[in-house]
Number of protein chains: 2
Amino acid sequence: MARIGIEMGEIGMAEGDLMDMRDSLTAATAREVRLAIRNGAWRGTTHGLASGHVQANLAIVPEAYALDFMRFCQRNPKPCPLLDVTDTGDPEFRQIAPGSDVRTDLSRYSVYRDGALEGEVDDLRDIWRDDLVAFAMGCSLSFDAVLLRNGLDVKHLQRPGGRIAVYTSGIDCVPAGPFAGPMVVSLRPVPRAQVARVAEVTGRYPATHGAPVHIGDPAEIGIADVAQVDWGLPPEIGPEDECMFWGCGVTPQAVAMAAHLPFMITHTTGHMLLTDLTLEDIAV
Amino acid sequence: MARIGIEMGEIGMAEGDLMDMRDSLTAATAREVRLAIRNGAWRGTTHGLASGHVQANLAIVPEAYALDFMRFCQRNPKPCPLLDVTDTGDPEFRQIAPGSDVRTDLSRYSVYRDGALEGEVDDLRDIWRDDLVAFAMGCSLSFDAVLLRNGLDVKHLQRPGGRIAVYTSGIDCVPAGPFAGPMVVSLRPVPRAQVARVAEVTGRYPATHGAPVHIGDPAEIGIADVAQVDWGLPPEIGPEDECMFWGCGVTPQAVAMAAHLPFMITHTTGHMLLTDLTLEDIAV
């Protein structure tokens with residue numbers, strides 16, 4: 001239960017209080033959630049918070065790598081749908097989260113040096129630098145909301161932490177400078193009768209990975225055994241299910257690690273940036 | 001007629017031959033048009049060539065300005081819909097025009113120094129530098145094709161060179177580094193009965209400026225007198241017409257000039273980059 005407590009909120013809070021606070025933040029605005037995190041009132045994951053708002057993956061790199069990283073995102077929009085890029089040294093996402101401070105407004109960050117995870121922190125103010133550029137990319141938490149509001153079966157949401165199966169695929173990303181490597185993909189088993197509809201509605205949201213990159217046999221995109229996940233939980237695939245794969249926001253982290261960047265910061269899985277964008281704002 | 005000859009093709013060709021060649025290039029692939037320009041067989045405008053393919057605005061800036069310019073495009077997607085960005089020093093648009101050479105594959109280029117037009121050239125090989133980054137952005141020539149194939153009235157296409165009315169609007173772009181200033185917009189007068197449909201179909205093509213930025217009174221976006229155009233030709237607005245405005249690809253040139261970039265190259269108006277993308281490729 002301690003593990004769940006850590007994942008859900010402030011260590012030391014009673015579980016009932018945590019649930020009450022999560023309910024309260026689910027109905028809050030994105031700005032209110034960012035402030036609750038900034039002032040230390042919430043340290044949990046952001047799953048479901050500020051309902052209807054777009055949550056974002058975060059990647060922060062030194063300016064020396066920012067142009068190549070931005071070209072990488074532009075060339076690989078399915079795994080890396082860019083929502084906003086800060087000015088160099090500016091900690092505010094002025095387009096998608098006015099008033100935000102990327103150094104304090106996420107509940108947990110992962111810090112990498114020379115391509116290896118150095119540790120996790122809940123505040124970047126001590127390690128922030130004037131040469132850093134922050135990138136926000138659409139993420140699958142928003143994606144799940146799209147499926148839910150369309151009445152589609154989202155069975156992975158009933159699993160611990162809503163975790164899905166994530167794999168390194170055999171699909172190569174389009175490289176940019178030092179950033180290169182395979183696309184990381186997420187798998188959602190979907191009842192065959194709903195496959196067409198799921199493809200249709202997710203296609204309306206390119207900013208949260210958009211339409212699937214593959215439907216059908218996992219081996220066709222280089223995944224020999226779906227039980228062997230690279231991240232997340234192995235899938236539960238029923239006899240009536242088809243495998244649907246989408247570009248995954250882990251991709252930019254994976255290629256940045258493989259590029260052995262001297263310094264990089266990302267959100268920690270499940271601890272996303274809350275943006276002021278609504279799902280309507282990003283629908284096409 | 002000489003003026004038309006210069007605009008339409010190789011100086012010195014008989015007008016009949018020019019028309020034949022334009023007809024031939026209209027049915028050609030984008031790659032064939034690029035090669036015809038590269039080998040000197042075509043020096044004219046690209047209006048209507050490689051029918052069905054997306055034509056692009058070109059901007060080339062030194063790498064020192066490329067990150068800010070790319071952030072500017074990302075923040076202002078309506079006037080600056082990014083299609084592809086080259087690697088630094090690489091003259092090939094590898095995503096949208098494999099095998100292209102941006103130094104030779106456009107029929108005319110404008111060269112700017114310190115924010116002022118220095119001159120026009122038909123080949124960049126002598127002035128190319130290893131620190132240059134080229135940006136391709138969707139343009140309104142593709143946009144017109146969208147209207148045509150939807151059976152919509154495109155009366156400006158019957159005017160000399162298909163020229164439209166273009167204005168500096170009172171809408172501020174979102175700035176990025178030295179790039180800031182008003183959005184340049186194009187005006188198309190549209191019969192009121194078709195306004196809704198035109199808004200709908202253009203909205204499907206965000207890569208060619210997408211949905212209008214304004215419909216109605218020009219004064220509401222700071223245009224006091226539509227007869228006073230900043231580029232192009234004054235509009236012909238009939239009693240049944242409504243004014244529809246779109247973000248215009250002149251915007252990035254205008255802000256780059258205002259930023260007094262030491263060096264910048266763009267396409268010359270009407271002499272666009274032919275891409276391998278089809279309108280289907282960019283529809284949403």
# chains A, B, ... in the order shown; residues from 1 in each chain; ligands from 1
>>> calpha_fit_and_write(fixed="chain A", moving="chain B", output="tab-separated table (two decimals) with C-alpha atoms, in the first residue's frame")
chain	number	residue	atom	x	y	z
B	1	MET	CA	-0.42	-0.08	-0.25
B	2	ALA	CA	2.56	2.12	0.45
B	3	ARG	CA	3.50	1.81	-3.21
B	4	ILE	CA	0.08	2.99	-4.27
B	5	GLY	CA	0.30	5.80	-1.72
B	6	ILE	CA	3.54	7.01	-3.19
B	7	GLU	CA	2.12	6.88	-6.65
B	8	MET	CA	-1.10	8.62	-5.75
B	9	GLY	CA	-0.07	11.54	-3.61
B	10	GLU	CA	1.88	13.09	-0.81
B	11	ILE	CA	3.65	10.51	1.32
B	12	GLY	CA	2.16	10.55	4.79
B	13	MET	CA	-1.33	11.59	3.77
B	14	ALA	CA	-4.08	9.22	4.78
B	15	GLU	CA	-5.39	7.26	1.86
B	16	GLY	CA	-8.88	8.71	2.24
B	17	ASP	CA	-7.50	12.24	2.10
B	18	LEU	CA	-5.52	11.31	-1.00
B	19	MET	CA	-8.65	10.05	-2.71
B	20	ASP	CA	-10.51	13.24	-1.75
B	21	MET	CA	-7.71	15.37	-3.09
B	22	ARG	CA	-7.50	13.40	-6.33
B	23	ASP	CA	-11.25	13.84	-6.78
B	24	SER	CA	-10.88	17.55	-6.15
B	25	LEU	CA	-8.01	17.89	-8.64
B	26	THR	CA	-9.89	15.86	-11.24
B	27	ALA	CA	-12.46	18.66	-11.34
B	28	ALA	CA	-9.83	21.42	-11.12
B	29	THR	CA	-8.43	23.55	-13.91
B	30	ALA	CA	-5.01	22.73	-15.29
B	31	ARG	CA	-3.66	25.89	-13.67
B	32	GLU	CA	-4.99	24.80	-10.28
B	33	VAL	CA	-3.30	21.43	-10.62
B	34	ARG	CA	-0.01	23.09	-11.56
B	35	LEU	CA	-0.26	25.35	-8.51
B	36	ALA	CA	-1.13	22.41	-6.22
B	37	ILE	CA	2.04	20.69	-7.43
B	38	ARG	CA	4.10	23.89	-7.20
B	39	ASN	CA	3.11	24.54	-3.58
B	40	GLY	CA	3.72	20.93	-2.61
B	41	ALA	CA	0.11	19.96	-2.00
B	42	TRP	CA	0.22	17.22	-4.65
B	43	ARG	CA	3.12	14.89	-5.44
B	44	GLY	CA	1.16	12.10	-7.11
B	45	THR	CA	0.64	11.05	-10.67
B	46	THR	CA	-1.54	13.19	-12.88
B	47	HIS	CA	-3.73	10.46	-14.31
B	48	GLY	CA	-7.24	11.92	-14.75
B	49	LEU	CA	-6.46	15.30	-13.17
B	50	ALA	CA	-7.94	18.48	-14.67
B	51	SER	CA	-10.30	16.32	-16.67
B	52	GLY	CA	-10.67	17.28	-20.32
B	53	HIS	CA	-7.28	18.99	-20.46
B	54	VAL	CA	-4.32	17.83	-22.48
B	55	GLN	CA	-1.42	16.36	-20.52
B	56	ALA	CA	2.05	16.49	-21.99
B	57	ASN	CA	5.33	14.63	-22.02
B	58	LEU	CA	8.27	16.83	-21.07
B	59	ALA	CA	11.82	16.81	-22.41
B	60	ILE	CA	14.40	19.44	-21.49
B	61	VAL	CA	17.69	19.59	-23.38
B	62	PRO	CA	20.56	22.07	-23.64
B	63	GLU	CA	20.18	24.59	-26.46
B	64	ALA	CA	23.13	23.02	-28.27
B	65	TYR	CA	20.88	19.99	-28.92
B	66	ALA	CA	17.56	21.79	-29.21
B	67	LEU	CA	17.51	22.38	-32.97
B	68	ASP	CA	18.27	18.74	-33.72
B	69	PHE	CA	15.75	17.59	-31.13
B	70	MET	CA	13.10	19.88	-32.62
B	71	ARG	CA	13.90	18.55	-36.11
B	72	PHE	CA	13.55	15.03	-34.70
B	73	CYS	CA	10.08	15.87	-33.35
B	74	GLN	CA	9.06	17.54	-36.60
B	75	ARG	CA	10.12	14.46	-38.59
B	76	ASN	CA	8.45	11.99	-36.22
B	77	PRO	CA	5.14	13.59	-35.30
B	78	LYS	CA	3.40	10.35	-34.34
B	79	PRO	CA	5.64	9.51	-31.38
B	80	CYS	CA	6.64	13.16	-30.77
B	81	PRO	CA	3.68	15.49	-31.37
B	82	LEU	CA	5.06	18.92	-30.43
B	83	LEU	CA	2.71	21.16	-28.47
B	84	ASP	CA	5.07	23.92	-27.33
B	85	VAL	CA	8.77	24.77	-27.09
B	86	THR	CA	10.08	27.33	-24.60
B	87	ASP	CA	12.48	30.11	-25.34
B	88	THR	CA	16.00	29.22	-24.30
B	89	GLY	CA	16.32	29.61	-20.52
B	90	ASP	CA	12.66	30.52	-20.10
B	91	PRO	CA	10.86	28.10	-17.72
B	92	GLU	CA	7.37	29.10	-18.91
B	93	PHE	CA	5.36	27.31	-21.58
B	94	ARG	CA	3.77	30.53	-22.77
B	95	GLN	CA	1.51	29.02	-25.44
B	96	ILE	CA	-0.03	26.00	-23.75
B	97	ALA	CA	0.34	26.91	-20.05
B	98	PRO	CA	0.61	30.67	-19.46
B	99	GLY	CA	1.97	31.37	-15.99
B	100	SER	CA	3.51	27.90	-15.71
B	101	ASP	CA	6.97	27.23	-14.34
B	102	VAL	CA	8.43	24.04	-15.74
B	103	ARG	CA	10.91	23.89	-12.84
B	104	THR	CA	8.19	23.39	-10.22
B	105	ASP	CA	4.90	22.47	-11.90
B	106	LEU	CA	5.46	18.76	-12.46
B	107	SER	CA	5.31	16.38	-9.54
B	108	ARG	CA	8.37	14.33	-10.45
B	109	TYR	CA	11.26	14.66	-12.90
B	110	SER	CA	13.89	12.23	-14.17
B	111	VAL	CA	17.40	13.65	-14.58
B	112	TYR	CA	19.80	12.04	-17.04
B	113	ARG	CA	23.52	12.61	-17.45
B	114	ASP	CA	25.53	11.13	-20.33
B	115	GLY	CA	22.51	9.07	-21.32
B	116	ALA	CA	22.01	7.41	-17.92
B	117	LEU	CA	19.33	8.08	-15.31
B	118	GLU	CA	20.97	9.98	-12.45
B	119	GLY	CA	17.88	10.19	-10.28
B	120	GLU	CA	14.42	11.60	-9.74
B	121	VAL	CA	13.63	14.99	-8.20
B	122	ASP	CA	10.48	16.98	-7.50
B	123	ASP	CA	11.92	20.42	-8.19
B	124	LEU	CA	14.34	21.67	-10.85
B	125	ARG	CA	15.21	25.07	-9.41
B	126	ASP	CA	18.62	23.97	-8.17
B	127	ILE	CA	19.65	22.41	-11.48
B	128	TRP	CA	17.98	24.80	-13.93
B	129	ARG	CA	20.33	26.44	-16.42
B	130	ASP	CA	19.97	29.41	-18.73
B	131	ASP	CA	20.78	27.29	-21.77
B	132	LEU	CA	17.90	24.83	-21.35
B	133	VAL	CA	15.01	24.43	-23.78
B	134	ALA	CA	11.85	22.61	-22.76
B	135	PHE	CA	9.65	20.63	-25.15
B	136	ALA	CA	6.05	19.59	-24.44
B	137	MET	CA	4.62	16.71	-26.46
B	138	GLY	CA	1.12	15.26	-26.41
B	139	CYS	CA	0.76	12.07	-24.37
B	140	SER	CA	-1.43	9.04	-24.15
B	141	LEU	CA	-3.22	10.11	-20.95
B	142	SER	CA	-5.09	12.61	-23.13
B	143	PHE	CA	-5.49	9.87	-25.71
B	144	ASP	CA	-7.31	7.62	-23.23
B	145	ALA	CA	-9.76	10.42	-22.51
B	146	VAL	CA	-10.55	10.58	-26.22
B	147	LEU	CA	-11.46	6.89	-26.25
B	148	LEU	CA	-13.52	7.18	-23.08
B	149	ARG	CA	-15.58	10.10	-24.26
B	150	ASN	CA	-16.31	8.19	-27.47
B	151	GLY	CA	-17.66	5.29	-25.44
B	152	LEU	CA	-14.89	2.96	-26.51
B	153	ASP	CA	-13.52	0.07	-24.53
B	154	VAL	CA	-10.36	1.12	-22.71
B	155	LYS	CA	-9.67	-2.04	-20.77
B	156	HIS	CA	-6.12	-1.10	-19.80
B	157	LEU	CA	-7.56	1.68	-17.68
B	158	GLN	CA	-8.86	-0.97	-15.33
B	159	ARG	CA	-5.31	-2.24	-14.79
B	160	PRO	CA	-2.89	-1.04	-12.08
B	161	GLY	CA	-2.13	2.61	-12.78
B	162	GLY	CA	-3.76	2.36	-16.21
B	163	ARG	CA	-0.49	0.92	-17.44
B	164	ILE	CA	-0.24	-0.30	-20.99
B	165	ALA	CA	2.22	-2.50	-22.85
B	166	VAL	CA	5.07	-0.58	-24.45
B	167	TYR	CA	7.71	-1.94	-26.85
B	168	THR	CA	10.71	-0.94	-28.86
B	169	SER	CA	9.44	-1.62	-32.37
B	170	GLY	CA	11.25	-2.42	-35.59
B	171	ILE	CA	10.04	0.87	-37.11
B	172	ASP	CA	12.95	3.28	-37.55
B	173	CYS	CA	12.42	6.90	-36.64
B	174	VAL	CA	13.59	9.50	-39.12
B	175	PRO	CA	16.92	10.61	-37.63
B	176	ALA	CA	18.01	14.19	-36.87
B	177	GLY	CA	21.57	14.87	-35.78
B	178	PRO	CA	22.43	12.59	-32.86
B	179	PHE	CA	18.79	11.56	-32.41
B	180	ALA	CA	18.04	8.25	-34.09
B	181	GLY	CA	16.68	4.84	-33.29
B	182	PRO	CA	13.55	2.72	-33.25
B	183	MET	CA	10.09	4.07	-32.56
B	184	VAL	CA	8.70	3.08	-29.20
B	185	VAL	CA	5.09	1.99	-29.53
B	186	SER	CA	2.20	1.32	-27.18
B	187	LEU	CA	-0.14	-1.63	-27.64
B	188	ARG	CA	-3.82	-1.54	-26.86
B	189	PRO	CA	-5.80	-4.72	-27.51
B	190	VAL	CA	-9.16	-3.63	-28.95
B	191	PRO	CA	-12.25	-5.75	-29.67
B	192	ARG	CA	-12.35	-6.34	-33.44
B	193	ALA	CA	-15.76	-4.71	-33.75
B	194	GLN	CA	-14.29	-1.46	-32.43
B	195	VAL	CA	-11.01	-1.35	-34.35
B	196	ALA	CA	-12.26	0.85	-37.19
B	197	ARG	CA	-13.91	3.30	-34.80
B	198	VAL	CA	-10.84	3.51	-32.56
B	199	ALA	CA	-8.65	4.21	-35.59
B	200	GLU	CA	-11.09	6.91	-36.70
B	201	VAL	CA	-11.42	8.81	-33.44
B	202	THR	CA	-7.74	8.67	-32.51
B	203	GLY	CA	-6.90	9.99	-35.98
B	204	ARG	CA	-8.65	13.22	-35.02
B	205	TYR	CA	-6.05	13.89	-32.35
B	206	PRO	CA	-2.63	13.97	-34.02
B	207	ALA	CA	-1.35	15.95	-31.01
B	208	THR	CA	-1.85	12.89	-28.79
B	209	HIS	CA	-0.17	10.43	-31.23
B	210	GLY	CA	-3.05	10.37	-33.72
B	211	ALA	CA	-4.01	7.33	-35.78
B	212	PRO	CA	-2.34	3.98	-35.08
B	213	VAL	CA	1.00	3.19	-36.71
B	214	HIS	CA	0.07	-0.49	-37.04
B	215	ILE	CA	-2.99	-2.72	-36.72
B	216	GLY	CA	-2.55	-6.49	-36.62
B	217	ASP	CA	0.31	-8.94	-36.26
B	218	PRO	CA	2.93	-7.55	-33.85
B	219	ALA	CA	5.64	-9.45	-35.72
B	220	GLU	CA	5.11	-7.20	-38.73
B	221	ILE	CA	6.62	-4.31	-36.77
B	222	GLY	CA	9.36	-6.40	-35.20
B	223	ILE	CA	7.66	-7.43	-31.97
B	224	ALA	CA	8.22	-11.18	-31.73
B	225	ASP	CA	6.60	-11.78	-28.35
B	226	VAL	CA	4.06	-9.36	-26.89
B	227	ALA	CA	4.56	-10.90	-23.44
B	228	GLN	CA	8.06	-9.41	-23.39
B	229	VAL	CA	7.32	-5.73	-22.80
B	230	ASP	CA	10.06	-3.11	-22.68
B	231	TRP	CA	8.00	-0.80	-20.46
B	232	GLY	CA	4.65	-1.14	-18.69
B	233	LEU	CA	2.70	-4.35	-18.20
B	234	PRO	CA	2.24	-7.34	-20.54
B	235	PRO	CA	-1.06	-7.04	-22.42
B	236	GLU	CA	-4.18	-9.08	-21.81
B	237	ILE	CA	-5.29	-10.03	-25.29
B	238	GLY	CA	-8.66	-11.71	-25.52
B	239	PRO	CA	-9.75	-14.01	-28.36
B	240	GLU	CA	-11.94	-11.21	-29.73
B	241	ASP	CA	-9.15	-8.62	-29.66
B	242	GLU	CA	-6.99	-7.14	-32.39
B	243	CYS	CA	-3.63	-5.54	-31.58
B	244	MET	CA	-3.46	-1.80	-32.23
B	245	PHE	CA	-0.19	0.10	-31.93
B	246	TRP	CA	0.49	3.81	-31.56
B	247	GLY	CA	3.61	5.93	-31.50
B	248	CYS	CA	4.61	6.42	-27.86
B	249	GLY	CA	5.98	9.41	-25.98
B	250	VAL	CA	8.77	7.27	-24.57
B	251	THR	CA	10.41	7.51	-28.01
B	252	PRO	CA	12.07	10.92	-27.52
B	253	GLN	CA	13.45	9.84	-24.13
B	254	ALA	CA	14.80	6.62	-25.61
B	255	VAL	CA	16.56	8.32	-28.52
B	256	ALA	CA	17.92	11.08	-26.28
B	257	MET	CA	19.35	8.47	-23.91
B	258	ALA	CA	20.82	6.53	-26.84
B	259	ALA	CA	22.39	9.78	-28.07
B	260	HIS	CA	24.22	10.02	-24.70
B	261	LEU	CA	23.21	13.62	-24.18
B	262	PRO	CA	25.39	15.11	-21.44
B	263	PHE	CA	22.31	16.48	-19.68
B	264	MET	CA	18.59	15.96	-20.11
B	265	ILE	CA	15.50	16.16	-17.93
B	266	THR	CA	12.14	14.52	-18.57
B	267	HIS	CA	8.93	14.06	-16.62
B	268	THR	CA	8.82	10.80	-14.67
B	269	THR	CA	6.31	8.31	-16.08
B	270	GLY	CA	2.79	9.28	-15.04
B	271	HIS	CA	3.82	12.70	-13.73
B	272	MET	CA	2.88	14.85	-16.69
B	273	LEU	CA	2.67	18.55	-17.45
B	274	LEU	CA	-0.92	19.79	-17.21
B	275	THR	CA	-1.65	22.18	-20.08
B	276	ASP	CA	-4.44	24.70	-20.54
B	277	LEU	CA	-5.28	23.06	-23.87
B	278	THR	CA	-8.54	21.14	-23.98
B	279	LEU	CA	-9.17	18.12	-26.17
B	280	GLU	CA	-11.35	20.40	-28.32
B	281	ASP	CA	-8.38	22.73	-28.84
B	282	ILE	CA	-6.30	19.98	-30.43
B	283	ALA	CA	-8.97	18.08	-32.37
B	284	VAL	CA	-8.78	18.26	-36.14
>>> select_by_dssp(residues="stretch 151-214 of chain A", states="strand (DSSP E)", output="list in words")
Ala165, Val166, Tyr167, Thr168, Ser169, Gly170, Ile171, Asp172, Pro182, Met183, Val184, Val185, Ser186, Leu187, Arg188, Pro189, Val190, Pro191 and His214 of chain A
>>> select_by_dssp(residues="stretch 174-265 of chain B", states="helix (DSSP H, G or I)", output="list in words")
Arg192, Ala193, Gln194, Val195, Ala196, Arg197, Val198, Ala199, Glu200, Val201, Thr202, Gly203, Pro206, Ala207, Thr208, Pro218, Ala219, Glu220, Ile221, Val250, Thr251, Pro252, Gln253, Ala254, Val255, Ala256, Met257 and Ala258 of chain B
>>> decode(residues="stretch 202-264 of chain A", atoms="C-alpha atoms", output="compact mmCIF listing (two decimals), in the first residue's frame")
# COMPACT_ATOMS: atom_id res chain seq x y z
CA THR A 202 -7.73 8.67 -32.52
CA GLY A 203 -6.89 10.01 -35.99
CA ARG A 204 -8.65 13.23 -35.05
CA TYR A 205 -6.04 13.89 -32.38
CA PRO A 206 -2.61 13.99 -34.04
CA ALA A 207 -1.36 15.97 -31.04
CA THR A 208 -1.86 12.90 -28.81
CA HIS A 209 -0.17 10.44 -31.23
CA GLY A 210 -3.04 10.38 -33.75
CA ALA A 211 -4.01 7.34 -35.79
CA PRO A 212 -2.35 3.98 -35.09
CA VAL A 213 0.99 3.18 -36.72
CA HIS A 214 0.06 -0.50 -37.05
CA ILE A 215 -2.99 -2.72 -36.74
CA GLY A 216 -2.56 -6.48 -36.64
CA ASP A 217 0.29 -8.95 -36.27
CA PRO A 218 2.91 -7.54 -33.86
CA ALA A 219 5.64 -9.47 -35.73
CA GLU A 220 5.11 -7.21 -38.74
CA ILE A 221 6.61 -4.33 -36.78
CA GLY A 222 9.34 -6.43 -35.20
CA ILE A 223 7.64 -7.44 -31.96
CA ALA A 224 8.21 -11.20 -31.73
CA ASP A 225 6.58 -11.78 -28.34
CA VAL A 226 4.05 -9.37 -26.89
CA ALA A 227 4.54 -10.90 -23.44
CA GLN A 228 8.05 -9.41 -23.39
CA VAL A 229 7.30 -5.74 -22.81
CA ASP A 230 10.05 -3.11 -22.70
CA TRP A 231 7.99 -0.80 -20.48
CA GLY A 232 4.64 -1.12 -18.73
CA LEU A 233 2.68 -4.32 -18.21
CA PRO A 234 2.23 -7.31 -20.55
CA PRO A 235 -1.07 -7.02 -22.43
CA GLU A 236 -4.18 -9.06 -21.81
CA ILE A 237 -5.30 -10.02 -25.31
CA GLY A 238 -8.68 -11.74 -25.53
CA PRO A 239 -9.76 -14.01 -28.39
CA GLU A 240 -11.96 -11.20 -29.76
CA ASP A 241 -9.15 -8.61 -29.69
CA GLU A 242 -6.99 -7.13 -32.42
CA CYS A 243 -3.64 -5.54 -31.60
CA MET A 244 -3.47 -1.79 -32.24
CA PHE A 245 -0.19 0.10 -31.94
CA TRP A 246 0.48 3.80 -31.59
CA GLY A 247 3.62 5.94 -31.51
CA CYS A 248 4.61 6.42 -27.88
CA GLY A 249 5.99 9.42 -26.01
CA VAL A 250 8.78 7.25 -24.58
CA THR A 251 10.41 7.50 -28.03
CA PRO A 252 12.09 10.90 -27.54
CA GLN A 253 13.44 9.83 -24.14
CA ALA A 254 14.80 6.61 -25.62
CA VAL A 255 16.57 8.32 -28.52
CA ALA A 256 17.91 11.08 -26.28
CA MET A 257 19.34 8.46 -23.91
CA ALA A 258 20.82 6.53 -26.83
CA ALA A 259 22.40 9.78 -28.06
CA HIS A 260 24.21 10.01 -24.69
CA LEU A 261 23.20 13.61 -24.17
CA PRO A 262 25.37 15.10 -21.43
CA PHE A 263 22.30 16.47 -19.69
CA MET A 264 18.59 15.94 -20.11
